[in-house]
Amino acid sequence: MLLISPPTYIAAVLFLCLMGFLYWAILRGMVNTPLETLPTVQFFSVFWIPVFFVVPLLTMRSIAGERSIGTLDTLMTTPTSRVAVILSKFAGAYLFYMLLWVLTIGFPLITEKLYPHAAESGALLEVEPLVGSFLFLATSGLLFISIGIFASSLTRSQLVAGMLTFTTLFVVIIGGQQMGNIADSGGEFSSWAVAVVNYLQIFEHLDDFSRGIIDTRPFFYYASTAFLLLGLSTLVVEAKA
Amino acid sequence: METTPSIRVKDLTRQYGALTAIHKVNFTVNPGEVVGFLGPNGAGKSTTMRILSGIMSATSGSAWVGGICVAQNPHEVKRKIGYMPENNPLPDDMRVVEYLRFRSRLKEVPGHKLRATVQEAMEICDLARTARRKIIGTLSKGFRQRVGIADALLGDPEIIIMDEPTIGLDPHQIQGIRKLIDNLRGKHTVIISSHILPEIERSCDRVIIINRGRIVAAGTSTELREEFLPSNRFSLIVEGNETAVAACLASRGIDAAILESTPIAENRFELNLRVENEGNLGPQLIQLLSNQREFILHSLALREPNLEEIFLAATKRSWEETIETKPKISA
């Protein structure tokens, strides 16, 4: 359903336009004021901008849309298990999300083609931060997409599903960062609370990954939460039939 | 050897909070039968069908499909059922052939049979040449309905359940669907729900009438006729005095009542007569009513009660019964 519906491609085009523009803006900024960080690292540090709109657009239709037009019923009359339905919805959205990110490798490639002298330094396509960032996107994507699928399983309105996804993503991504700021500035947090807050810091995770520090804790955080949310979605679909 | 019934339902009850959608429903459907499920809107037809197809669970009671309990093994039951839900939901962005292939894969049709299965279903529903590669969103209502039926036929299920398959179709399309159902007779067990009575009467072997969540009647239309409207009915056209007709019949010992009298021309009436006597009444009445001075008999015809009348009688009876069982409120 995902690959044949026009909204998917609208989301893809919007994503690539926006990311292209951001990449261009970053490169321009670097021309004016040289920075120590690599353009790739800077580029991936704004990952949250597209996540806020691409994830809701990709996932809001998945179950809510099927429920509102009634095809979820016909799907449920086939000998397909509900777990399989949820997992395939998740897999479809997740793979498409990752495909969109993979396509962004095109930006440094295009830059290299157009300005070969800029590429001589090797700063555009340095492998390590690229691999680290993609690893981060792949693991955090598990959580983001499963939030979308869960929100979509709760309602029959795509709009409500989209809004729910957006707000939850906002709380998870920005809320974690804000809590981190509070923990850093104020001393009233006990040490275990600081540990918890650090555990949930998505931006910190990105920093670590792009510097090549691959920690298992974020993996555990994203995968376990995703697993929990998908399990809950299965239960919701089963109960709301 | 006794064959396993295709569908057996025992004391099936489903409640939505305080509302009882169906209450202790019992019925059996034998293999190869075409059964019509009849009832006013909100009677519990769709609820029963949804429980049978395993989408929804019952509050109490049990249902067996092909000898398998729906509650215990819904997965296996779904392999035996082709279900077309009410309003026939279809994805608008897909092409007909793509959708049917996708559905066949979901219904576990093996890869090497996929093409043949889809082709067969499309041919039965007359979609193969006309609408094969059309996008579902652009199809007319009749074609959409055919796509829904083709989907229900995929994978050669033992039982086909169709919830209001003819709703919103024009008479030509209804006829097409009726022919299609006729073709399925004997090969599959078919359950159709509808509130369009002539439709059910023409295409079904047996009728189950449901009202307010209870089964109020079940049987072939002849059986139902005998049960609900046992007396013979005649339609007469007489010229002259209509009260004289009743008097004439009463004087000859025939227990008759005029149910309806409609004037059709000056001094000419069409009478709807109910006769309670047994036996060969037609010739008897002709003999009695001819050569009378007060009136002239123009025509006399036996009226068979149609399903509509049976349905009204059955639902009326069930309403009366439910009202009687309710505790009386004292003033």
# chains A, B, ... in the order shown; residues from 1 in each chain; ligands from 1
$ select_by_dssp --residues "region 185-319 of chain B" --states "helix (DSSP H, G or I)" --output "ChimeraX atom specification"
/B:197-203,221-228,242-251,281-289,307-319
$ interface_residues --of "chain A" --to "chain B" --cutoff "8 Å" --atoms "only C-alpha atoms" --output "MDAnalysis selection string"
chainID A and resid 4:5 69:71 73:74 76:81 241
$ closest_atom_pairs --of "region 65-159 of chain A" --to "region 50-59 of chain A" --cutoff "12 Å" --atoms "only C-alpha atoms" --output "Markdown table"
| residue | atom | partner | partner_atom | distance |
| --- | --- | --- | --- | --- |
| A:Gly65 | CA | A:Thr59 | CA | 9.6 |
| A:Glu66 | CA | A:Thr59 | CA | 11.5 |
| A:Ile86 | CA | A:Thr59 | CA | 11.4 |
| A:Ser88 | CA | A:Thr59 | CA | 11.9 |
| A:Lys89 | CA | A:Thr59 | CA | 8.3 |
| A:Phe90 | CA | A:Thr59 | CA | 8.2 |
| A:Ala91 | CA | A:Thr59 | CA | 10.8 |
| A:Gly92 | CA | A:Leu58 | CA | 9.3 |
| A:Ala93 | CA | A:Leu58 | CA | 6.1 |
| A:Tyr94 | CA | A:Leu58 | CA | 8.8 |
| A:Leu95 | CA | A:Leu58 | CA | 10.7 |
| A:Phe96 | CA | A:Leu58 | CA | 8.4 |
| A:Tyr97 | CA | A:Val55 | CA | 7.6 |
| A:Met98 | CA | A:Val55 | CA | 10.9 |
| A:Leu100 | CA | A:Val54 | CA | 9.6 |
| A:Trp101 | CA | A:Pro50 | CA | 10.0 |
| A:Thr104 | CA | A:Pro50 | CA | 11.9 |
| A:Leu137 | CA | A:Val51 | CA | 10.1 |
| A:Ser140 | CA | A:Val51 | CA | 10.3 |
| A:Gly141 | CA | A:Val51 | CA | 8.9 |
| A:Leu142 | CA | A:Val55 | CA | 10.9 |
| A:Leu143 | CA | A:Val55 | CA | 10.5 |
| A:Phe144 | CA | A:Val55 | CA | 6.9 |
| A:Ile145 | CA | A:Val55 | CA | 6.2 |
| A:Ser146 | CA | A:Thr59 | CA | 8.6 |
| A:Ile147 | CA | A:Thr59 | CA | 8.8 |
| A:Gly148 | CA | A:Thr59 | CA | 5.2 |
| A:Ile149 | CA | A:Thr59 | CA | 5.7 |
| A:Phe150 | CA | A:Thr59 | CA | 9.0 |
| A:Ala151 | CA | A:Thr59 | CA | 8.6 |
| A:Ser152 | CA | A:Thr59 | CA | 6.8 |
| A:Ser153 | CA | A:Thr59 | CA | 9.8 |
| A:Gln158 | CA | A:Thr59 | CA | 9.1 |
| A:Leu159 | CA | A:Pro56 | CA | 9.4 |
$ atom_distance --atom1 "CA of Asp255 (chain B)" --atom2 "CA of Thr315 (chain B)"
26.6 Å
$ residues_around --residues "Ile237 (chain B)" --least-positions-apart "5" --cutoff "6 Å" --atoms "only C-alpha atoms" --output "count of residues only"
4
$ atom_distance --atom1 "CA of Leu27 (chain A)" --atom2 "CA of Pro39 (chain A)"
6.7 Å
